[in-house]
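Engineer: Got a structure for you, questions after.
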There are 2 protein chains.
Amino acid sequence: MKKKRAQKAAPAVSDERVERSKKAVLAAAHQLLSEGGLGGVSVDEVSKRSGVAKTTIYRHWASRSALLLDACSNMSARPQAPDTGSLQGDLETLSLYIAAKLRTAPWAAVLPSVIDAAERDADLAELQKKLHGEMRTAFRIVVERAQKRGELSSGVDSSEIIATVLGPLYYRRWFSREPLDENFVRGVVHRAVQTSK
Amino acid sequence: MKKKRAQKAAPAVSDERVERSKKAVLAAAHQLLSEGGLGGVSVDEVSKRSGVAKTTIYRHWASRSALLLDACSNMSARPQAPDTGSLQGDLETLSLYIAAKLRTAPWAAVLPSVIDAAERDADLAELQKKLHGEMRTAFRIVVERAQKRGELSSGVDSSEIIATVLGPLYYRRWFSREPLDENFVRGVVHRAVQTSK
């Protein structure tokens with residue numbers, strides 16, 4: 001009897017408390033990622049910084065990789081689809097937003113860690129691809145809208161337009177390390193729109 | 001007197017021997033890079049695999065980063081400039097070559113390690129940018145030839161054409177992880193040429 005009462009009296013872990021500790025874990029992971037890239041983040045260190053026990057962390061995330069990717073996706077850009085009335089306008093708004101993030105956001109310095117780890121971890125590669133796909137949603141929406149308006153032929157493949165726009169931006173940020181200035185971004189969008197029609 | 005003679009008698013380290021040990025070091029670094037990415041390569045391990053002493057390694061390369069980058073650049077694609085007679089033909093030849101390498105070459109799995117490390121190492125970033133610039137030489141040559149032939153206006157910036165062509169290829173290989181098939185590559189080149197004229 002006594003035992004039963006004690007169980008009942010123990011406060012149930014509230015949803016709010018779960019959310020609070022998940023947030024603390026993600027914030028700590030995020031901070032560690034910004035400081036040292038993926039290599040610098042261990043579950044031990046995340047536990048220490050967040051004050052959340054390792055067993056609790058593993059209850060919410062199946063593996064270190066799953067936690068890191070969740071932290072990265074929380075860091076990264078998920079733009080809303082703009083609606084300026086033209087494909088050129090919409091893609092410019094989106095691309096200038098992404099270019100600004102590539103220049104300054106902490107996730108831009110962290111993403112290469114994930115890309116690198118994904119080369120040797122198929123599950124992480126799958127997750128990264130999925131999250132990247134979610135980031136592209138806004139681009140897909142503006143392309144589909146342009147097709148509905150009749151501005152673009154319905155036969156155009158949105159993934160080709162997206163590669164034509166995002167490719168040169170990512171390339172300059174991480175590979176050629178050339179400036180990602182507004183003129184360059186507008187030129188990229190202009191060329192992508194011109195060749196899609 | 002005796003000492004001097006002994007010095008004279010000691011065999012001078014021949015250039016050939018230096019070259020041989022440098023080659024062995026680069027081959028070992030290359031092999032370790034392919035196995036485990038940049039994180040998996042220590043000068044200790046390179047010394048063990050190559051049989052070349054650490055002091056000798058440090059005589060030829062100022063730092064671990066310098067050695068790794070040298071090994072990477074030896075691994076990576078340095079295409080020759082083709083001369084098919086048209087910009088479209090030249091860029092197609094180059095891009096199909098790069099796309100094939102991106103799909104299968106060991107350096108394609110290693111480059112993200114370098115890009116990641118460069119985010120936290122300005123010297124490495126500078127070296128990576130320089131080596132990437134050398135890889136682009138063939139692209140610059142075919143663009144300049146097209147300008148000389150009058151196929152392209154002399155006002156066109158070759159670095160913009162290069163970003164328009166290489167950007168979508170790199171993007172699909174490492175970020176969206178979509179197929180890099182021939183049709184896609186030809187489409188990318190076609191769009192780049194169309195908008196440069």
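Naming scheme: A, B, ... for chains in displayed order of the structure tokens; residues 1 onward per chain; ligands 1 onward as shown.
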Using only C-alpha atoms, I'd like every residue of chain B that has an atom within 10 Å of chain A; please write them out as a ChimeraX atom specification.
Structural biologist: /B:35-39,108-120,125-126,128-133,136,159-172,174-178,184,187-188,190-192,194-196
Engineer: Restrict the selected residues to C-alpha atoms and save them as a PDB file, in the first residue's frame.
Structural biologist:
ATOM      1  CA  GLU B  35      40.057   5.546 -45.277  1.00  0.00           C
ATOM      2  CA  GLY B  36      38.945   7.976 -42.626  1.00  0.00           C
ATOM      3  CA  GLY B  37      38.806  11.550 -43.866  1.00  0.00           C
ATOM      4  CA  LEU B  38      40.955  14.339 -42.523  1.00  0.00           C
ATOM      5  CA  GLY B  39      40.251  13.464 -38.896  1.00  0.00           C
ATOM      6  CA  ALA B 108      35.275  13.489 -53.487  1.00  0.00           C
ATOM      7  CA  ALA B 109      34.701  11.715 -50.190  1.00  0.00           C
ATOM      8  CA  VAL B 110      37.620  13.558 -48.581  1.00  0.00           C
ATOM      9  CA  LEU B 111      37.121  17.141 -49.757  1.00  0.00           C
ATOM     10  CA  PRO B 112      34.356  17.864 -47.175  1.00  0.00           C
ATOM     11  CA  SER B 113      36.915  17.146 -44.397  1.00  0.00           C
ATOM     12  CA  VAL B 114      39.140  19.880 -45.803  1.00  0.00           C
ATOM     13  CA  ILE B 115      36.231  22.282 -46.264  1.00  0.00           C
ATOM     14  CA  ASP B 116      35.169  21.624 -42.681  1.00  0.00           C
ATOM     15  CA  ALA B 117      38.666  22.073 -41.239  1.00  0.00           C
ATOM     16  CA  ALA B 118      39.099  25.261 -43.298  1.00  0.00           C
ATOM     17  CA  GLU B 119      36.125  26.788 -41.449  1.00  0.00           C
ATOM     18  CA  ARG B 120      38.327  26.918 -38.352  1.00  0.00           C
ATOM     19  CA  ALA B 125      41.178  28.050 -46.126  1.00  0.00           C
ATOM     20  CA  GLU B 126      43.669  30.167 -48.078  1.00  0.00           C
ATOM     21  CA  GLN B 128      42.251  25.336 -50.288  1.00  0.00           C
ATOM     22  CA  LYS B 129      41.075  28.392 -52.210  1.00  0.00           C
ATOM     23  CA  LYS B 130      44.381  28.547 -54.081  1.00  0.00           C
ATOM     24  CA  LEU B 131      44.316  24.856 -55.028  1.00  0.00           C
ATOM     25  CA  HIS B 132      40.689  25.098 -56.079  1.00  0.00           C
ATOM     26  CA  GLY B 133      41.689  28.029 -58.291  1.00  0.00           C
ATOM     27  CA  ARG B 136      39.654  25.777 -62.428  1.00  0.00           C
ATOM     28  CA  SER B 159      34.344  33.132 -62.640  1.00  0.00           C
ATOM     29  CA  GLU B 160      30.569  33.592 -63.065  1.00  0.00           C
ATOM     30  CA  ILE B 161      30.412  30.950 -65.792  1.00  0.00           C
ATOM     31  CA  ILE B 162      32.471  28.587 -63.636  1.00  0.00           C
ATOM     32  CA  ALA B 163      30.145  29.060 -60.638  1.00  0.00           C
ATOM     33  CA  THR B 164      27.144  28.480 -62.923  1.00  0.00           C
ATOM     34  CA  VAL B 165      28.620  25.192 -64.157  1.00  0.00           C
ATOM     35  CA  LEU B 166      30.449  23.759 -61.129  1.00  0.00           C
ATOM     36  CA  GLY B 167      27.940  25.037 -58.539  1.00  0.00           C
ATOM     37  CA  PRO B 168      25.037  22.725 -59.477  1.00  0.00           C
ATOM     38  CA  LEU B 169      27.394  19.720 -59.765  1.00  0.00           C
ATOM     39  CA  TYR B 170      28.971  20.238 -56.342  1.00  0.00           C
ATOM     40  CA  TYR B 171      25.553  21.016 -54.871  1.00  0.00           C
ATOM     41  CA  ARG B 172      24.048  17.722 -56.021  1.00  0.00           C
ATOM     42  CA  TRP B 174      27.303  16.936 -51.391  1.00  0.00           C
ATOM     43  CA  PHE B 175      24.167  18.848 -50.408  1.00  0.00           C
ATOM     44  CA  SER B 176      21.016  17.603 -52.116  1.00  0.00           C
ATOM     45  CA  ARG B 177      22.544  14.169 -52.878  1.00  0.00           C
ATOM     46  CA  GLU B 178      20.589  13.892 -56.131  1.00  0.00           C
ATOM     47  CA  PHE B 184      21.631  16.854 -65.754  1.00  0.00           C
ATOM     48  CA  GLY B 187      21.480  20.692 -69.061  1.00  0.00           C
ATOM     49  CA  VAL B 188      23.654  22.677 -66.646  1.00  0.00           C
ATOM     50  CA  HIS B 190      23.534  24.263 -71.906  1.00  0.00           C
ATOM     51  CA  ARG B 191      21.960  26.794 -69.537  1.00  0.00           C
ATOM     52  CA  ALA B 192      25.349  28.314 -68.646  1.00  0.00           C
ATOM     53  CA  GLN B 194      22.877  30.103 -73.287  1.00  0.00           C
ATOM     54  CA  THR B 195      22.965  32.839 -70.652  1.00  0.00           C
ATOM     55  CA  SER B 196      26.577  33.851 -71.251  1.00  0.00           C
TER      56      SER B 196
END
Engineer: Among segment 30-65 of chain B, which residues carry a DSSP assignment of helix (DSSP H, G or I), reported as a list in words?
Structural biologist: His30, Gln31, Leu32, Leu33, Ser34, Glu35, Gly36, Leu38, Gly39, Gly40, Val43, Asp44, Glu45, Val46, Ser47, Lys48, Arg49, Ser50, Lys54, Thr55, Thr56, Ile57, Tyr58, Arg59, His60, Arg64 and Ser65 of chain B
Engineer: Looking at only C-alpha atoms, which of A:Gly85, A:His30, A:Glu19, A:Lys48 is the one that sits closest to His60 of chain A?
Structural biologist: A:Glu19
Engineer: List the spatial neighbours of Ser95 of chain A as a PyMOL selection string - criterion: any atom at most 10 Å away, only C-alpha atoms, same-chain residues fewer than 3 positions off excluded.
Structural biologist: chain A and resi 79+89-92+98-101+139+165-166+169+182+185-186+188-189
Engineer: Take the selection from the previous step and output its residues with C-alpha atoms, as a PDB file, in the first residue's frame.
Structural biologist:
ATOM      1  CA  PRO A  79      12.712  30.363 -45.274  1.00  0.00           C
ATOM      2  CA  GLY A  89      11.009  38.420 -57.504  1.00  0.00           C
ATOM      3  CA  ASP A  90      10.299  35.336 -55.392  1.00  0.00           C
ATOM      4  CA  LEU A  91      13.612  33.637 -56.216  1.00  0.00           C
ATOM      5  CA  GLU A  92      15.523  36.865 -55.585  1.00  0.00           C
ATOM      6  CA  ILE A  98      20.005  32.365 -48.132  1.00  0.00           C
ATOM      7  CA  ALA A  99      23.122  34.276 -49.252  1.00  0.00           C
ATOM      8  CA  ALA A 100      22.932  36.493 -46.150  1.00  0.00           C
ATOM      9  CA  LYS A 101      22.665  33.385 -43.952  1.00  0.00           C
ATOM     10  CA  PHE A 139      11.731  27.149 -53.490  1.00  0.00           C
ATOM     11  CA  VAL A 165      20.075  28.808 -58.016  1.00  0.00           C
ATOM     12  CA  LEU A 166      21.466  27.240 -54.825  1.00  0.00           C
ATOM     13  CA  LEU A 169      25.722  30.168 -53.881  1.00  0.00           C
ATOM     14  CA  GLU A 182      24.040  40.983 -54.111  1.00  0.00           C
ATOM     15  CA  VAL A 185      23.064  36.547 -56.393  1.00  0.00           C
ATOM     16  CA  ARG A 186      20.795  38.613 -58.664  1.00  0.00           C
ATOM     17  CA  VAL A 188      22.385  33.781 -60.675  1.00  0.00           C
ATOM     18  CA  VAL A 189      18.617  34.181 -60.289  1.00  0.00           C
TER      19      VAL A 189
END
Engineer: Residues within 9 Å of Thr93 of chain B, please, as a list of chain:residue names. Count only C-alpha atoms; anything in the same chain fewer than 5 positions from it doesn't count.
Structural biologist: B:Pro82, B:Thr84, B:Gln88, B:Ile98
Engineer: Show me, as a PyMOL selection string, the residues that have an atom within 12 Å of Asp44 of chain A when counting only C-alpha atoms, minus same-chain residues fewer than 2 positions from it.
Structural biologist: chain A and resi 25+28-29+32+40-42+46-58+64
Engineer: Since we have the selection now, will you write its residues out, keeping N, CA and C atoms, as a compact mmCIF listing (two decimals), in the first residue's frame?
Structural biologist:
# COMPACT_ATOMS: atom_id res chain seq x y z
N VAL A 25 18.95 20.75 -24.15
CA VAL A 25 19.89 19.86 -24.83
C VAL A 25 20.24 20.41 -26.21
N ALA A 28 22.48 23.47 -25.97
CA ALA A 28 23.87 23.12 -25.65
C ALA A 28 24.58 22.51 -26.87
N ALA A 29 23.87 21.64 -27.59
CA ALA A 29 24.47 21.01 -28.77
C ALA A 29 24.79 22.07 -29.82
N LEU A 32 27.85 24.06 -28.78
CA LEU A 32 29.08 23.28 -28.97
C LEU A 32 29.41 23.14 -30.46
N GLY A 40 33.61 18.40 -32.25
CA GLY A 40 33.73 18.92 -30.89
C GLY A 40 32.56 18.58 -29.99
N VAL A 41 31.55 17.88 -30.51
CA VAL A 41 30.35 17.63 -29.72
C VAL A 41 30.26 16.17 -29.29
N SER A 42 30.31 15.93 -27.99
CA SER A 42 30.04 14.60 -27.47
C SER A 42 28.77 14.67 -26.62
N VAL A 46 27.44 17.59 -24.01
CA VAL A 46 26.08 18.16 -24.11
C VAL A 46 25.37 17.99 -22.77
N SER A 47 25.54 16.83 -22.16
CA SER A 47 24.90 16.55 -20.87
C SER A 47 25.42 17.52 -19.81
N LYS A 48 26.74 17.72 -19.80
CA LYS A 48 27.35 18.61 -18.82
C LYS A 48 26.83 20.04 -18.98
N ARG A 49 26.85 20.53 -20.22
CA ARG A 49 26.43 21.92 -20.46
C ARG A 49 24.95 22.16 -20.20
N SER A 50 24.13 21.17 -20.56
CA SER A 50 22.69 21.38 -20.47
C SER A 50 22.16 21.02 -19.09
N GLY A 51 22.94 20.23 -18.32
CA GLY A 51 22.45 19.76 -17.03
C GLY A 51 21.40 18.65 -17.17
N VAL A 52 21.29 18.08 -18.37
CA VAL A 52 20.31 17.00 -18.59
C VAL A 52 21.09 15.67 -18.63
N ALA A 53 20.60 14.68 -17.91
CA ALA A 53 21.31 13.39 -17.81
C ALA A 53 21.43 12.71 -19.17
N LYS A 54 22.53 11.98 -19.36
CA LYS A 54 22.74 11.27 -20.63
C LYS A 54 21.60 10.30 -20.94
N THR A 55 21.12 9.59 -19.92
CA THR A 55 20.02 8.63 -20.15
C THR A 55 18.79 9.36 -20.71
N THR A 56 18.54 10.56 -20.20
CA THR A 56 17.39 11.34 -20.70
C THR A 56 17.64 11.75 -22.15
N ILE A 57 18.88 12.17 -22.44
CA ILE A 57 19.20 12.57 -23.82
C ILE A 57 18.94 11.39 -24.76
N TYR A 58 19.43 10.20 -24.38
CA TYR A 58 19.25 9.03 -25.26
C TYR A 58 17.80 8.58 -25.32
N ARG A 64 23.93 9.89 -31.13
CA ARG A 64 24.62 11.19 -31.17
C ARG A 64 24.35 11.88 -32.51
Engineer: May I ask which of the residues A:Val43, A:Cys72, A:Arg59, A:Arg78 is the closest one to Val18 of chain A, counting only C-alpha atoms?
Structural biologist: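 Among A:Val43, A:Cys72, A:Arg59, A:Arg78, it is A:Arg59 that comes nearest to Val18 of chain A.
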Engineer: Could you state the separation of atom CA of Thr137 of chain A and atom CA of Gln80 of chain A in Å, given to one decimal place?
Structural biologist: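 Distance between the two atoms: 8.5 Å.
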Engineer: Between atom CA of Leu33 of chain B and atom CA of Ala71 of chain B, what is the spacing in Å?
Structural biologist: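 Going from atom CA of Ala71 of chain B over to atom CA of Leu33 of chain B, I get 8.4 Å.
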